[in-house]
Amino acid sequence: AGKASVEDFGYGKGYTEAQKYWREILNLLDRLRNEKNIAYILTAHAHIKRFDSPETDSYDRYQIKLNDKASGLVQESVDCVLFCNYQVNINKADVGFGKEKARGISTGQRLIHTVEKPAYIAKNRFNLPEKMPLSWEAFTNALNPQPSV
């Protein structure tokens, strides 16, 4: 009400206020799915953020580039959180004096990851394979497997 920015609400309060709008959007998307049989896909960028695990030392991982409160709400509401990235192989080369240098080499192949790992957040409620090529065909085939003859 008369606020120009999420920061105008005071420290952290704008993001709490935004929660009701995220819930409204997610409820409308659920109505589309349930009443009109329309599936929806939300896309987001990722960023690397420190994860403080209660079980291990802290580490960095890819997370959804969205305010933590909104990100948690979206992740809880959707059936799949898929992480897409290029496949990278590590090539280690001897640089002398008993030292190795590691270099990441991209294969150019893009993959969809469907199960959470320490490096990224992912989930699915459809028993999808852990990873698959990033293509609509691969995704729909995994989602709706054809019966074997």
# chains A, B, ... in the order shown; residues from 1 in each chain; ligands from 1
$ select_by_dssp --residues "chain A" --states "strand (DSSP E or B)" --output "JSON, numbers by chain"
{"A": [46, 47, 48, 49, 50, 51, 59, 60, 61, 62, 63, 64, 80, 81, 83, 84, 85, 86, 87, 88, 89, 90, 91, 92, 93, 94, 95, 96, 99, 100, 101, 102, 103, 104, 105, 106, 107, 108, 109, 110, 111, 112, 113, 117, 120, 123, 124, 131, 132, 133]}
$ closest_atom_pairs --of "segment 55-85 of chain A" --to "segment 8-29 of chain A" --cutoff "12 Å" --atoms "only C-alpha atoms" --output "CSV"
residue,atom,partner,partner_atom,distance
A:Leu66,CA,A:Tyr15,CA,10.5
A:Asn67,CA,A:Tyr15,CA,7.4
A:Asp68,CA,A:Tyr15,CA,9.0
A:Lys69,CA,A:Tyr15,CA,7.3
A:Ala70,CA,A:Gln19,CA,6.3
A:Ser71,CA,A:Trp22,CA,9.6
A:Gly72,CA,A:Gln19,CA,10.3
A:Leu73,CA,A:Arg23,CA,7.8
A:Val74,CA,A:Leu26,CA,7.6
A:Gln75,CA,A:Leu26,CA,10.7
A:Glu76,CA,A:Leu26,CA,10.6
A:Ser77,CA,A:Leu26,CA,7.4
A:Val78,CA,A:Leu26,CA,8.6
A:Asp79,CA,A:Leu26,CA,11.9
$ write_last_selection --atoms "N, CA and C atoms" --output "CSV table (one decimal), in the first residue's frame"
chain,number,residue,atom,x,y,z
A,66,LEU,N,16.4,-16.6,-5.4
A,66,LEU,CA,15.1,-16.0,-4.9
A,66,LEU,C,15.2,-15.8,-3.4
A,67,ASN,N,14.6,-14.9,-2.9
A,67,ASN,CA,14.5,-14.7,-1.4
A,67,ASN,C,14.3,-16.0,-0.8
A,68,ASP,N,15.0,-16.3,0.4
A,68,ASP,CA,14.9,-17.6,1.0
A,68,ASP,C,13.4,-18.0,1.4
A,69,LYS,N,12.6,-17.0,1.8
A,69,LYS,CA,11.2,-17.3,2.2
A,69,LYS,C,10.4,-17.7,1.0
A,70,ALA,N,10.5,-17.0,-0.1
A,70,ALA,CA,9.8,-17.3,-1.3
A,70,ALA,C,10.3,-18.6,-1.9
A,71,SER,N,11.6,-18.8,-1.9
A,71,SER,CA,12.2,-20.0,-2.4
A,71,SER,C,11.7,-21.2,-1.7
A,72,GLY,N,11.6,-21.2,-0.4
A,72,GLY,CA,11.1,-22.3,0.4
A,72,GLY,C,9.7,-22.6,0.1
A,73,LEU,N,8.9,-21.6,0.0
A,73,LEU,CA,7.5,-21.7,-0.3
A,73,LEU,C,7.3,-22.4,-1.7
A,74,VAL,N,8.0,-21.9,-2.7
A,74,VAL,CA,7.8,-22.4,-4.0
A,74,VAL,C,8.3,-23.9,-4.1
A,75,GLN,N,9.4,-24.2,-3.5
A,75,GLN,CA,10.0,-25.5,-3.5
A,75,GLN,C,9.0,-26.5,-2.8
A,76,GLU,N,8.4,-26.1,-1.7
A,76,GLU,CA,7.4,-27.0,-1.0
A,76,GLU,C,6.2,-27.2,-1.9
A,77,SER,N,5.8,-26.3,-2.7
A,77,SER,CA,4.5,-26.3,-3.4
A,77,SER,C,4.6,-27.1,-4.7
A,78,VAL,N,5.7,-27.1,-5.3
A,78,VAL,CA,5.8,-27.7,-6.7
A,78,VAL,C,6.1,-29.2,-6.6
A,79,ASP,N,5.8,-29.9,-7.7
A,79,ASP,CA,6.1,-31.4,-7.8
A,79,ASP,C,7.6,-31.7,-8.1
$ residues_around --residues "Asn85 of chain A" --least-positions-apart "5" --cutoff "9 Å" --atoms "only C-alpha atoms" --output "compact mmCIF listing (two decimals) with N, CA and C atoms, in the first residue's frame"
# COMPACT_ATOMS: atom_id res chain seq x y z
N GLN A 109 27.11 -31.05 -23.38
CA GLN A 109 25.81 -31.67 -23.12
C GLN A 109 25.19 -31.05 -21.88
N ARG A 110 23.92 -30.69 -21.99
CA ARG A 110 23.19 -30.13 -20.85
C ARG A 110 22.36 -31.24 -20.22
N LEU A 111 22.34 -31.25 -18.89
CA LEU A 111 21.64 -32.30 -18.15
C LEU A 111 20.60 -31.71 -17.22
N ILE A 112 19.55 -32.48 -16.98
CA ILE A 112 18.55 -32.19 -15.95
C ILE A 112 18.86 -33.10 -14.77
N HIS A 113 19.02 -32.52 -13.60
CA HIS A 113 19.24 -33.29 -12.37
C HIS A 113 17.94 -33.23 -11.56
N LEU A 134 18.93 -32.61 -21.18
CA LEU A 134 18.02 -31.46 -21.12
C LEU A 134 17.33 -31.34 -22.47
$ residues_around --residues "segment 127-131 of chain A" --least-positions-apart "5" --cutoff "12 Å" --atoms "only C-alpha atoms" --output "MDAnalysis selection string"
chainID A and resid 79:87 109:117 122 138:145
$ select_by_dssp --residues "segment 1-139 of chain A" --states "alpha helix (DSSP H)" --output "number ranges by chain"
A: 13-36, 68-77, 136-139
$ atom_distance --atom1 "atom CA of Gln146 of chain A" --atom2 "atom CA of Asn37 of chain A"
20.8 Å
$ atom_distance --atom1 "atom CA of Arg125 of chain A" --atom2 "atom CA of Asp52 of chain A"
25.4 Å
$ closest_residue --among "A:Val95, A:Ile90, A:Ile64, A:Met132" --to "Ala44 of chain A" --atoms "only C-alpha atoms"
A:Ile64
$ residues_around --residues "Gly104 of chain A" --least-positions-apart "2" --cutoff "7 Å" --atoms "only C-alpha atoms" --output "PyMOL selection string"
chain A and resi 88-91+102+106
$ write_last_selection --atoms "C-alpha atoms" --output "JSON list (two decimals), in the first residue's frame"
[["chain", "number", "residue", "atom", "x", "y", "z"],
["A", 88, "VAL", "CA", 31.63, -31.08, -16.87],
["A", 89, "ASN", "CA", 34.51, -33.53, -16.71],
["A", 90, "ILE", "CA", 37.61, -32.82, -14.64],
["A", 91, "ASN", "CA", 40.95, -33.28, -16.37],
["A", 102, "ALA", "CA", 42.56, -29.73, -12.28],
["A", 106, "SER", "CA", 32.56, -29.00, -20.68]]
